[in-house]
Amino acid sequence: TVSGGTVSGNTSAAGGAVYASGGTVAIIDGSVSGNSAENGGAIYYSGNDSVTVSGGSVSGNSAENGGGVYLEKGTMTVSGGSVSSNRAEEDGGAVYAVNGAIEINGGAVGGEAGMGNSAKNGGAVYLESGSAAVSGDARISYNTAEENGGGICTVTGSVTISGGNISANTATVNGGGVYTVSGGIAVSGSGTAVSGNSAGSGGGLYSENGAISAS
């Protein structure tokens, strides 16, 4: 648990600041920043439980995959605080998940101009398999992908957007807001916004082989 202070300037092959193979990892306050690794610039998690960001910040970290967090399995929840300005050379600027669930129901992933996360695919979130859900007052904004999925990119996984704001994200190729290869995208809720995103094709939403629904 990080509940104050700063964890910064650390390097490792996996999890620049934190490596956990079980239990829970919680960022409540403080800062996890400026760390680097091959996978999981700030945090590498391979357990069956969860990584939670409810306050503080995970920022300015870098890796080949998962500039901020690399999730091998389990659940990643962002309910407050910010995950921003992280960079992946390949995929998942903020979060890379191999097989798990990503739940963003508050706080900011990117959030403001100049604080976005960036990667080749999945400027904010890259999901190999599993599910991603956005709800509440979450903000996924100002993230950038060199190829697909400025905000969220999934290979085999569904994306459910029932609240929050996915805005001002950019992808050079497909899916400025959300890109899926095999998996549906469902948007619902009167206060939900997918707006101001840009891409070569599908500025807001782009799905290769899945259904897109709005209700």
# chains A, B, ... in the order shown; residues from 1 in each chain; ligands from 1
call {"tool": "closest_atom_pairs", "arguments": {"of": "segment 105-166 of chain A", "to": "segment 180-197 of chain A", "cutoff": "8 Å", "atoms": "only C-alpha atoms", "output": "Markdown table"}}
result
| residue | atom | partner | partner_atom | distance |
| --- | --- | --- | --- | --- |
| A:Gly149 | CA | A:Thr180 | CA | 7.9 |
| A:Cys153 | CA | A:Thr180 | CA | 5.7 |
| A:Thr154 | CA | A:Thr180 | CA | 4.8 |
| A:Val155 | CA | A:Val181 | CA | 4.9 |
| A:Thr156 | CA | A:Ser182 | CA | 4.8 |
| A:Gly157 | CA | A:Gly183 | CA | 5.0 |
| A:Ser158 | CA | A:Gly183 | CA | 4.7 |
| A:Val159 | CA | A:Ile185 | CA | 4.9 |
| A:Thr160 | CA | A:Ala186 | CA | 4.9 |
| A:Ile161 | CA | A:Val187 | CA | 4.8 |
| A:Ser162 | CA | A:Ser188 | CA | 4.8 |
| A:Gly163 | CA | A:Thr192 | CA | 4.4 |
| A:Gly164 | CA | A:Thr192 | CA | 5.3 |
| A:Asn165 | CA | A:Ala193 | CA | 4.8 |
| A:Ile166 | CA | A:Val194 | CA | 4.8 |
call {"tool": "write_last_selection", "arguments": {"atoms": "N, CA and C atoms", "output": "PDB file, in the first residue's frame"}}
result
ATOM      1  N   GLY A 149      -6.389   2.564 -31.087  1.00  0.00           N
ATOM      2  CA  GLY A 149      -6.925   2.693 -29.740  1.00  0.00           C
ATOM      3  C   GLY A 149      -6.268   3.770 -28.911  1.00  0.00           C
ATOM      4  N   CYS A 153      -7.587  -0.173 -26.254  1.00  0.00           N
ATOM      5  CA  CYS A 153      -7.392  -1.146 -27.330  1.00  0.00           C
ATOM      6  C   CYS A 153      -7.528  -2.542 -26.740  1.00  0.00           C
ATOM      7  N   THR A 154      -8.427  -3.363 -27.302  1.00  0.00           N
ATOM      8  CA  THR A 154      -8.560  -4.744 -26.851  1.00  0.00           C
ATOM      9  C   THR A 154      -8.377  -5.697 -28.020  1.00  0.00           C
ATOM     10  N   VAL A 155      -7.759  -6.859 -27.733  1.00  0.00           N
ATOM     11  CA  VAL A 155      -7.580  -7.885 -28.758  1.00  0.00           C
ATOM     12  C   VAL A 155      -8.750  -8.858 -28.721  1.00  0.00           C
ATOM     13  N   THR A 156      -8.950  -9.537 -27.615  1.00  0.00           N
ATOM     14  CA  THR A 156     -10.134 -10.376 -27.428  1.00  0.00           C
ATOM     15  C   THR A 156     -10.765  -9.990 -26.097  1.00  0.00           C
ATOM     16  N   GLY A 157     -11.630  -9.031 -26.127  1.00  0.00           N
ATOM     17  CA  GLY A 157     -12.271  -8.582 -24.902  1.00  0.00           C
ATOM     18  C   GLY A 157     -13.315  -7.539 -25.189  1.00  0.00           C
ATOM     19  N   SER A 158     -14.293  -7.465 -24.331  1.00  0.00           N
ATOM     20  CA  SER A 158     -15.388  -6.521 -24.498  1.00  0.00           C
ATOM     21  C   SER A 158     -15.108  -5.224 -23.754  1.00  0.00           C
ATOM     22  N   VAL A 159     -15.725  -4.159 -24.243  1.00  0.00           N
ATOM     23  CA  VAL A 159     -15.620  -2.853 -23.594  1.00  0.00           C
ATOM     24  C   VAL A 159     -17.028  -2.357 -23.302  1.00  0.00           C
ATOM     25  N   THR A 160     -17.297  -2.060 -22.041  1.00  0.00           N
ATOM     26  CA  THR A 160     -18.600  -1.545 -21.618  1.00  0.00           C
ATOM     27  C   THR A 160     -18.421  -0.141 -21.069  1.00  0.00           C
ATOM     28  N   ILE A 161     -19.162   0.802 -21.644  1.00  0.00           N
ATOM     29  CA  ILE A 161     -19.073   2.197 -21.216  1.00  0.00           C
ATOM     30  C   ILE A 161     -20.449   2.620 -20.741  1.00  0.00           C
ATOM     31  N   SER A 162     -20.636   2.713 -19.428  1.00  0.00           N
ATOM     32  CA  SER A 162     -21.944   3.053 -18.866  1.00  0.00           C
ATOM     33  C   SER A 162     -21.926   4.385 -18.123  1.00  0.00           C
ATOM     34  N   GLY A 163     -20.814   5.089 -18.223  1.00  0.00           N
ATOM     35  CA  GLY A 163     -20.684   6.392 -17.583  1.00  0.00           C
ATOM     36  C   GLY A 163     -19.314   6.952 -17.895  1.00  0.00           C
ATOM     37  N   GLY A 164     -19.054   8.127 -17.371  1.00  0.00           N
ATOM     38  CA  GLY A 164     -17.749   8.723 -17.556  1.00  0.00           C
ATOM     39  C   GLY A 164     -17.590   9.424 -18.891  1.00  0.00           C
ATOM     40  N   ASN A 165     -16.344   9.745 -19.191  1.00  0.00           N
ATOM     41  CA  ASN A 165     -16.025  10.569 -20.349  1.00  0.00           C
ATOM     42  C   ASN A 165     -14.771  10.033 -21.028  1.00  0.00           C
ATOM     43  N   ILE A 166     -14.913   9.638 -22.284  1.00  0.00           N
ATOM     44  CA  ILE A 166     -13.769   9.228 -23.100  1.00  0.00           C
ATOM     45  C   ILE A 166     -13.626  10.292 -24.176  1.00  0.00           C
TER      46      ILE A 166
END
call {"tool": "select_by_dssp", "arguments": {"residues": "segment 120-182 of chain A", "states": "strand (DSSP E or B)", "output": "PyMOL selection string"}}
result
chain A and resi 121+125-134+139-141+144-145+148+152-161+165-167+170-171+174+178-182
call {"tool": "atom_distance", "arguments": {"atom1": "atom CA of Ser135 of chain A", "atom2": "atom CA of Gly204 of chain A"}}
result
16.8 Å
call {"tool": "residues_around", "arguments": {"residues": "Gly202 of chain A", "least_positions_apart": "5", "cutoff": "12 Å", "atoms": "only C-alpha atoms", "output": "JSON, numbers by chain"}}
result
{"A": [148, 149, 150, 169, 170, 171, 172, 173, 174, 175, 176, 177, 178, 179, 180, 194, 195, 196, 197, 207, 208, 212]}
call {"tool": "write_last_selection", "arguments": {"atoms": "all heavy atoms", "output": "CSV table (one decimal), in the first residue's frame"}}
result
chain,number,residue,atom,x,y,z
A,148,ASN,N,-3.4,2.0,-33.0
A,148,ASN,CA,-4.8,1.8,-32.8
A,148,ASN,C,-5.2,2.0,-31.3
A,148,ASN,O,-4.4,1.7,-30.4
A,148,ASN,CB,-5.2,0.4,-33.2
A,148,ASN,CG,-4.9,0.1,-34.6
A,148,ASN,OD1,-5.4,0.8,-35.5
A,148,ASN,ND2,-4.2,-1.0,-34.9
A,149,GLY,N,-6.4,2.6,-31.1
A,149,GLY,CA,-6.9,2.7,-29.7
A,149,GLY,C,-6.3,3.8,-28.9
A,149,GLY,O,-5.5,3.5,-28.0
A,150,GLY,N,-6.6,5.0,-29.2
A,150,GLY,CA,-6.0,6.1,-28.4
A,150,GLY,C,-6.4,6.0,-27.0
A,150,GLY,O,-5.5,6.2,-26.1
A,169,ASN,N,-8.9,11.8,-27.2
A,169,ASN,CA,-7.9,10.8,-27.4
A,169,ASN,C,-7.6,10.7,-28.9
A,169,ASN,O,-8.5,11.0,-29.7
A,169,ASN,CB,-8.3,9.4,-26.9
A,169,ASN,CG,-8.6,9.5,-25.4
A,169,ASN,OD1,-7.7,9.5,-24.6
A,169,ASN,ND2,-9.9,9.4,-25.0
A,170,THR,N,-6.4,10.3,-29.3
A,170,THR,CA,-6.0,10.3,-30.7
A,170,THR,C,-5.3,8.9,-31.0
A,170,THR,O,-4.5,8.4,-30.3
A,170,THR,CB,-5.0,11.4,-30.9
A,170,THR,OG1,-5.6,12.7,-30.6
A,170,THR,CG2,-4.6,11.4,-32.4
A,171,ALA,N,-5.7,8.4,-32.2
A,171,ALA,CA,-5.0,7.2,-32.8
A,171,ALA,C,-4.7,7.6,-34.2
A,171,ALA,O,-5.6,8.1,-34.9
A,171,ALA,CB,-5.9,6.0,-32.7
A,172,THR,N,-3.5,7.2,-34.7
A,172,THR,CA,-3.2,7.5,-36.1
A,172,THR,C,-3.9,6.7,-37.1
A,172,THR,O,-4.3,7.1,-38.1
A,172,THR,CB,-1.6,7.3,-36.3
A,172,THR,OG1,-0.9,8.1,-35.3
A,172,THR,CG2,-1.2,7.7,-37.7
A,173,VAL,N,-4.2,5.4,-36.7
A,173,VAL,CA,-4.9,4.5,-37.6
A,173,VAL,C,-6.4,4.3,-37.3
A,173,VAL,O,-7.2,5.0,-37.9
A,173,VAL,CB,-4.2,3.1,-37.6
A,173,VAL,CG1,-4.8,2.2,-38.7
A,173,VAL,CG2,-2.7,3.3,-37.9
A,174,ASN,N,-6.7,3.5,-36.3
A,174,ASN,CA,-8.1,3.2,-36.0
A,174,ASN,C,-8.5,3.4,-34.6
A,174,ASN,O,-7.7,3.1,-33.7
A,174,ASN,CB,-8.5,1.8,-36.4
A,174,ASN,CG,-8.2,1.5,-37.9
A,174,ASN,OD1,-8.6,2.2,-38.7
A,174,ASN,ND2,-7.6,0.3,-38.2
A,175,GLY,N,-9.7,3.9,-34.3
A,175,GLY,CA,-10.3,3.9,-33.0
A,175,GLY,C,-9.6,5.0,-32.1
A,175,GLY,O,-8.9,4.6,-31.2
A,176,GLY,N,-10.0,6.2,-32.3
A,176,GLY,CA,-9.5,7.3,-31.4
A,176,GLY,C,-9.8,7.1,-30.0
A,176,GLY,O,-9.0,7.3,-29.1
A,177,GLY,N,-11.1,6.7,-29.7
A,177,GLY,CA,-11.5,6.5,-28.4
A,177,GLY,C,-11.3,5.1,-27.9
A,177,GLY,O,-10.6,4.8,-27.0
A,178,VAL,N,-11.9,4.1,-28.7
A,178,VAL,CA,-11.9,2.7,-28.4
A,178,VAL,C,-11.7,1.9,-29.7
A,178,VAL,O,-12.3,2.1,-30.7
A,178,VAL,CB,-13.1,2.2,-27.7
A,178,VAL,CG1,-13.0,0.7,-27.4
A,178,VAL,CG2,-13.4,3.0,-26.4
A,179,TYR,N,-10.8,0.9,-29.6
A,179,TYR,CA,-10.6,0.0,-30.7
A,179,TYR,C,-10.6,-1.4,-30.2
A,179,TYR,O,-10.0,-1.8,-29.2
A,179,TYR,CB,-9.2,0.3,-31.3
A,179,TYR,CG,-8.8,-0.8,-32.4
A,179,TYR,CD1,-9.1,-0.6,-33.7
A,179,TYR,CD2,-8.0,-1.9,-32.0
A,179,TYR,CE1,-8.7,-1.5,-34.7
A,179,TYR,CE2,-7.6,-2.8,-33.0
A,179,TYR,CZ,-7.9,-2.6,-34.3
A,179,TYR,OH,-7.5,-3.5,-35.2
A,180,THR,N,-11.4,-2.3,-30.9
A,180,THR,CA,-11.4,-3.7,-30.5
A,180,THR,C,-11.2,-4.6,-31.7
A,180,THR,O,-11.7,-4.2,-32.8
A,180,THR,CB,-12.8,-4.2,-29.9
A,180,THR,OG1,-13.8,-4.0,-30.8
A,180,THR,CG2,-13.1,-3.3,-28.7
A,194,VAL,N,-18.6,10.0,-25.3
A,194,VAL,CA,-17.5,9.6,-26.1
A,194,VAL,C,-17.4,10.7,-27.2
A,194,VAL,O,-18.1,10.7,-28.1
A,194,VAL,CB,-17.7,8.2,-26.8
A,194,VAL,CG1,-16.5,7.8,-27.6
A,194,VAL,CG2,-17.9,7.1,-25.7
A,195,SER,N,-16.5,11.6,-26.9
A,195,SER,CA,-16.5,12.8,-27.7
A,195,SER,C,-15.1,13.4,-28.0
A,195,SER,O,-14.2,13.2,-27.2
A,195,SER,CB,-17.4,13.9,-27.1
A,195,SER,OG,-16.8,14.2,-25.8
A,196,GLY,N,-15.0,14.1,-29.1
A,196,GLY,CA,-13.7,14.8,-29.4
A,196,GLY,C,-12.5,14.0,-29.6
A,196,GLY,O,-11.4,14.4,-29.5
A,197,ASN,N,-12.7,12.7,-29.9
A,197,ASN,CA,-11.6,11.8,-30.2
A,197,ASN,C,-11.3,11.8,-31.7
A,197,ASN,O,-12.2,12.2,-32.5
A,197,ASN,CB,-11.9,10.4,-29.8
A,197,ASN,CG,-12.3,10.3,-28.3
A,197,ASN,OD1,-11.4,10.4,-27.4
A,197,ASN,ND2,-13.6,10.1,-28.0
A,207,SER,N,-14.6,-1.2,-34.2
A,207,SER,CA,-14.5,-2.6,-33.9
A,207,SER,C,-14.3,-3.5,-35.2
A,207,SER,O,-15.0,-3.3,-36.2
A,207,SER,CB,-15.8,-3.1,-33.3
A,207,SER,OG,-15.8,-4.5,-32.9
A,208,GLU,N,-13.3,-4.3,-35.2
A,208,GLU,CA,-13.0,-5.1,-36.4
A,208,GLU,C,-14.0,-6.2,-36.6
A,208,GLU,O,-14.5,-6.4,-37.7
A,208,GLU,CB,-11.6,-5.8,-36.2
A,208,GLU,CG,-10.4,-4.9,-36.2
A,208,GLU,CD,-9.9,-4.5,-37.6
A,208,GLU,OE1,-10.6,-5.0,-38.6
A,208,GLU,OE2,-9.0,-3.7,-37.7
A,212,ILE,N,-21.2,-3.0,-32.1
A,212,ILE,CA,-21.2,-1.8,-31.4
A,212,ILE,C,-22.6,-1.4,-31.1
A,212,ILE,O,-23.4,-1.4,-32.0
A,212,ILE,CB,-20.5,-0.7,-32.2
A,212,ILE,CG1,-19.0,-1.0,-32.4
A,212,ILE,CG2,-20.6,0.7,-31.4
A,212,ILE,CD1,-18.3,0.0,-33.3
call {"tool": "closest_atom_pairs", "arguments": {"of": "segment 108-138 of chain A", "to": "segment 53-57 of chain A", "cutoff": "12 Å", "atoms": "only C-alpha atoms", "output": "Markdown table"}}
result
| residue | atom | partner | partner_atom | distance |
| --- | --- | --- | --- | --- |
| A:Ala108 | CA | A:Ser57 | CA | 9.5 |
| A:Val109 | CA | A:Ser57 | CA | 9.9 |
| A:Gly110 | CA | A:Ser57 | CA | 10.7 |
| A:Gly111 | CA | A:Ser57 | CA | 11.8 |
| A:Met115 | CA | A:Ser57 | CA | 11.5 |
| A:Ala138 | CA | A:Ser54 | CA | 11.7 |
call {"tool": "write_last_selection", "arguments": {"atoms": "all heavy atoms", "output": "PDB file, in the first residue's frame"}}
result
ATOM      1  N   ALA A 108      -8.808   9.810 -13.150  1.00  0.00           N
ATOM      2  CA  ALA A 108      -8.425  10.171 -14.515  1.00  0.00           C
ATOM      3  C   ALA A 108      -7.307   9.279 -15.023  1.00  0.00           C
ATOM      4  O   ALA A 108      -6.334   9.025 -14.319  1.00  0.00           O
ATOM      5  CB  ALA A 108      -7.973  11.622 -14.562  1.00  0.00           C
ATOM      6  N   VAL A 109      -7.472   8.812 -16.255  1.00  0.00           N
ATOM      7  CA  VAL A 109      -6.401   8.132 -16.974  1.00  0.00           C
ATOM      8  C   VAL A 109      -6.038   9.075 -18.114  1.00  0.00           C
ATOM      9  O   VAL A 109      -6.750   9.183 -19.098  1.00  0.00           O
ATOM     10  CB  VAL A 109      -6.839   6.753 -17.506  1.00  0.00           C
ATOM     11  CG1 VAL A 109      -5.680   6.067 -18.213  1.00  0.00           C
ATOM     12  CG2 VAL A 109      -7.340   5.875 -16.352  1.00  0.00           C
ATOM     13  N   GLY A 110      -4.943   9.789 -17.943  1.00  0.00           N
ATOM     14  CA  GLY A 110      -4.655  10.961 -18.763  1.00  0.00           C
ATOM     15  C   GLY A 110      -5.293  12.147 -18.059  1.00  0.00           C
ATOM     16  O   GLY A 110      -4.773  12.641 -17.069  1.00  0.00           O
ATOM     17  N   GLY A 111      -6.434  12.572 -18.583  1.00  0.00           N
ATOM     18  CA  GLY A 111      -7.260  13.537 -17.849  1.00  0.00           C
ATOM     19  C   GLY A 111      -7.174  14.964 -18.304  1.00  0.00           C
ATOM     20  O   GLY A 111      -8.180  15.646 -18.404  1.00  0.00           O
ATOM     21  N   MET A 115      -1.010  15.694 -20.132  1.00  0.00           N
ATOM     22  CA  MET A 115      -0.846  14.655 -19.120  1.00  0.00           C
ATOM     23  C   MET A 115      -1.276  13.281 -19.625  1.00  0.00           C
ATOM     24  O   MET A 115      -1.389  12.333 -18.858  1.00  0.00           O
ATOM     25  CB  MET A 115      -1.649  15.012 -17.864  1.00  0.00           C
ATOM     26  CG  MET A 115      -1.159  16.253 -17.159  1.00  0.00           C
ATOM     27  SD  MET A 115      -2.095  16.641 -15.664  1.00  0.00           S
ATOM     28  CE  MET A 115      -1.679  15.258 -14.619  1.00  0.00           C
ATOM     29  N   ALA A 138     -15.475   8.668 -14.327  1.00  0.00           N
ATOM     30  CA  ALA A 138     -14.135   8.410 -14.855  1.00  0.00           C
ATOM     31  C   ALA A 138     -13.841   9.286 -16.066  1.00  0.00           C
ATOM     32  O   ALA A 138     -14.730   9.616 -16.849  1.00  0.00           O
ATOM     33  CB  ALA A 138     -14.010   6.945 -15.241  1.00  0.00           C
TER      34      ALA A 138
END
call {"tool": "residues_around", "arguments": {"residues": "segment 13-27 of chain A", "least_positions_apart": "4", "cutoff": "7 Å", "atoms": "only C-alpha atoms", "output": "ChimeraX atom specification"}}
result
/A:1-3,7,35-56
call {"tool": "write_last_selection", "arguments": {"atoms": "N, CA and C atoms", "output": "short mmCIF file (atom, residue, chain, number, x, y, z; two decimals), in the first residue's frame"}}
result
data_model
loop_
_atom_site.label_atom_id
_atom_site.label_comp_id
_atom_site.auth_asym_id
_atom_site.auth_seq_id
_atom_site.Cartn_x
_atom_site.Cartn_y
_atom_site.Cartn_z
N THR A 1 0.84 -1.20 0.00
CA THR A 1 0.00 0.00 0.00
C THR A 1 0.87 1.25 0.00
N VAL A 2 0.58 2.16 -0.91
CA VAL A 2 1.24 3.46 -0.93
C VAL A 2 0.21 4.49 -0.48
N SER A 3 0.41 5.09 0.69
CA SER A 3 -0.56 6.04 1.23
C SER A 3 0.05 7.42 1.44
N VAL A 7 7.50 7.21 -4.52
CA VAL A 7 8.31 6.05 -4.94
C VAL A 7 8.77 6.36 -6.34
N ASN A 35 9.58 5.83 -12.73
CA ASN A 35 10.19 4.50 -12.67
C ASN A 35 10.18 3.87 -14.06
N SER A 36 11.02 2.85 -14.28
CA SER A 36 11.07 2.22 -15.60
C SER A 36 11.35 0.73 -15.48
N ALA A 37 10.83 -0.02 -16.47
CA ALA A 37 11.03 -1.47 -16.51
C ALA A 37 10.76 -1.96 -17.93
N GLU A 38 11.11 -3.22 -18.19
CA GLU A 38 10.75 -3.80 -19.48
C GLU A 38 9.24 -3.95 -19.56
N ASN A 39 8.62 -4.45 -18.50
CA ASN A 39 7.16 -4.56 -18.41
C ASN A 39 6.70 -4.00 -17.07
N GLY A 40 5.73 -3.07 -17.13
CA GLY A 40 5.23 -2.47 -15.90
C GLY A 40 6.18 -1.43 -15.35
N GLY A 41 6.18 -0.25 -15.96
CA GLY A 41 7.11 0.79 -15.54
C GLY A 41 7.03 1.10 -14.06
N ALA A 42 5.79 1.15 -13.53
CA ALA A 42 5.60 1.38 -12.10
C ALA A 42 5.30 0.10 -11.34
N ILE A 43 4.33 -0.68 -11.86
CA ILE A 43 3.83 -1.86 -11.13
C ILE A 43 3.69 -3.05 -12.07
N TYR A 44 4.17 -4.22 -11.62
CA TYR A 44 3.94 -5.49 -12.31
C TYR A 44 3.17 -6.37 -11.34
N TYR A 45 2.00 -6.86 -11.77
CA TYR A 45 1.16 -7.67 -10.88
C TYR A 45 0.81 -8.99 -11.55
N SER A 46 1.07 -10.11 -10.87
CA SER A 46 0.79 -11.43 -11.43
C SER A 46 -0.08 -12.28 -10.51
N GLY A 47 -0.73 -11.66 -9.54
CA GLY A 47 -1.58 -12.39 -8.62
C GLY A 47 -3.01 -12.53 -9.10
N ASN A 48 -3.86 -13.09 -8.24
CA ASN A 48 -5.26 -13.30 -8.59
C ASN A 48 -6.18 -12.26 -7.99
N ASP A 49 -5.62 -11.31 -7.26
CA ASP A 49 -6.44 -10.32 -6.57
C ASP A 49 -6.49 -9.02 -7.36
N SER A 50 -6.00 -7.92 -6.82
CA SER A 50 -6.24 -6.64 -7.50
C SER A 50 -5.15 -5.61 -7.28
N VAL A 51 -5.13 -4.69 -8.23
CA VAL A 51 -4.38 -3.44 -8.13
C VAL A 51 -5.40 -2.32 -8.14
N THR A 52 -5.34 -1.43 -7.14
CA THR A 52 -6.32 -0.36 -7.02
C THR A 52 -5.63 0.99 -6.91
N VAL A 53 -6.10 1.94 -7.71
CA VAL A 53 -5.67 3.33 -7.57
C VAL A 53 -6.90 4.12 -7.15
N SER A 54 -6.92 4.58 -5.90
CA SER A 54 -8.06 5.33 -5.39
C SER A 54 -7.69 6.77 -5.04
N GLY A 55 -6.41 7.09 -5.16
CA GLY A 55 -5.93 8.44 -4.88
C GLY A 55 -4.47 8.53 -5.28
N GLY A 56 -3.89 9.70 -5.11
CA GLY A 56 -2.49 9.87 -5.48
C GLY A 56 -2.31 9.79 -6.99
#
call {"tool": "atom_distance", "arguments": {"atom1": "atom CA of Val95 of chain A", "atom2": "atom CA of Gly200 of chain A"}}
result
23.2 Å
call {"tool": "closest_residue", "arguments": {"among": "A:Ala113, A:Val98, A:Ala214, A:Val32", "to": "Ser167 of chain A", "atoms": "only C-alpha atoms"}}
result
A:Ala113
call {"tool": "closest_residue", "arguments": {"among": "A:Gly106, A:Gly92, A:Gly100, A:Gly114", "to": "Ile152 of chain A", "atoms": "only C-alpha atoms"}}
result
A:Gly92
call {"tool": "closest_atom_pairs", "arguments": {"of": "segment 116-203 of chain A", "to": "segment 74-77 of chain A", "cutoff": "12 Å", "atoms": "only C-alpha atoms", "output": "JSON lines"}}
result
{"residue": "A:Val125", "atom": "CA", "partner": "A:Met76", "partner_atom": "CA", "distance": 10.8}
{"residue": "A:Leu127", "atom": "CA", "partner": "A:Met76", "partner_atom": "CA", "distance": 11.3}
{"residue": "A:Ser129", "atom": "CA", "partner": "A:Gly74", "partner_atom": "CA", "distance": 11.6}
{"residue": "A:Gly130", "atom": "CA", "partner": "A:Thr75", "partner_atom": "CA", "distance": 9.8}
{"residue": "A:Ser131", "atom": "CA", "partner": "A:Thr75", "partner_atom": "CA", "distance": 9.7}
{"residue": "A:Ala132", "atom": "CA", "partner": "A:Met76", "partner_atom": "CA", "distance": 9.5}
{"residue": "A:Ala133", "atom": "CA", "partner": "A:Thr77", "partner_atom": "CA", "distance": 9.6}
{"residue": "A:Val134", "atom": "CA", "partner": "A:Thr77", "partner_atom": "CA", "distance": 10.1}
{"residue": "A:Ser135", "atom": "CA", "partner": "A:Thr77", "partner_atom": "CA", "distance": 11.2}
{"residue": "A:Ala138", "atom": "CA", "partner": "A:Thr77", "partner_atom": "CA", "distance": 11.0}
call {"tool": "atom_distance", "arguments": {"atom1": "atom CA of Val83 of chain A", "atom2": "atom CA of Gly68 of chain A"}}
result
7.3 Å
call {"tool": "decode", "arguments": {"residues": "segment 150-156 of chain A", "atoms": "all heavy atoms", "output": "tab-separated table (two decimals), in the first residue's frame"}}
result
chain	number	residue	atom	x	y	z
A	150	GLY	N	-6.60	5.02	-29.21
A	150	GLY	CA	-6.03	6.11	-28.42
A	150	GLY	C	-6.36	6.01	-26.96
A	150	GLY	O	-5.52	6.23	-26.09
A	151	GLY	N	-7.63	5.65	-26.66
A	151	GLY	CA	-8.04	5.47	-25.27
A	151	GLY	C	-7.86	4.03	-24.82
A	151	GLY	O	-7.09	3.73	-23.92
A	152	ILE	N	-8.61	3.12	-25.49
A	152	ILE	CA	-8.61	1.71	-25.11
A	152	ILE	C	-8.43	0.86	-26.35
A	152	ILE	O	-9.08	1.10	-27.38
A	152	ILE	CB	-9.93	1.31	-24.41
A	152	ILE	CG1	-10.12	2.11	-23.11
A	152	ILE	CG2	-9.96	-0.18	-24.11
A	152	ILE	CD1	-11.48	1.93	-22.47
A	153	CYS	N	-7.59	-0.17	-26.25
A	153	CYS	CA	-7.39	-1.15	-27.33
A	153	CYS	C	-7.53	-2.54	-26.74
A	153	CYS	O	-6.85	-2.87	-25.77
A	153	CYS	CB	-6.01	-0.97	-27.97
A	153	CYS	SG	-5.63	-2.18	-29.25
A	154	THR	N	-8.43	-3.36	-27.30
A	154	THR	CA	-8.56	-4.74	-26.85
A	154	THR	C	-8.38	-5.70	-28.02
A	154	THR	O	-8.78	-5.40	-29.14
A	154	THR	CB	-9.93	-5.02	-26.19
A	154	THR	OG1	-10.95	-5.06	-27.19
A	154	THR	CG2	-10.25	-3.98	-25.15
A	155	VAL	N	-7.76	-6.86	-27.73
A	155	VAL	CA	-7.58	-7.89	-28.76
A	155	VAL	C	-8.75	-8.86	-28.72
A	155	VAL	O	-9.47	-9.02	-29.70
A	155	VAL	CB	-6.24	-8.63	-28.57
A	155	VAL	CG1	-6.07	-9.71	-29.63
A	155	VAL	CG2	-5.08	-7.65	-28.63
A	156	THR	N	-8.95	-9.54	-27.62
A	156	THR	CA	-10.13	-10.38	-27.43
A	156	THR	C	-10.77	-9.99	-26.10
A	156	THR	O	-10.44	-10.54	-25.06
A	156	THR	CB	-9.79	-11.88	-27.43
A	156	THR	OG1	-8.79	-12.14	-26.43
A	156	THR	CG2	-9.27	-12.31	-28.78
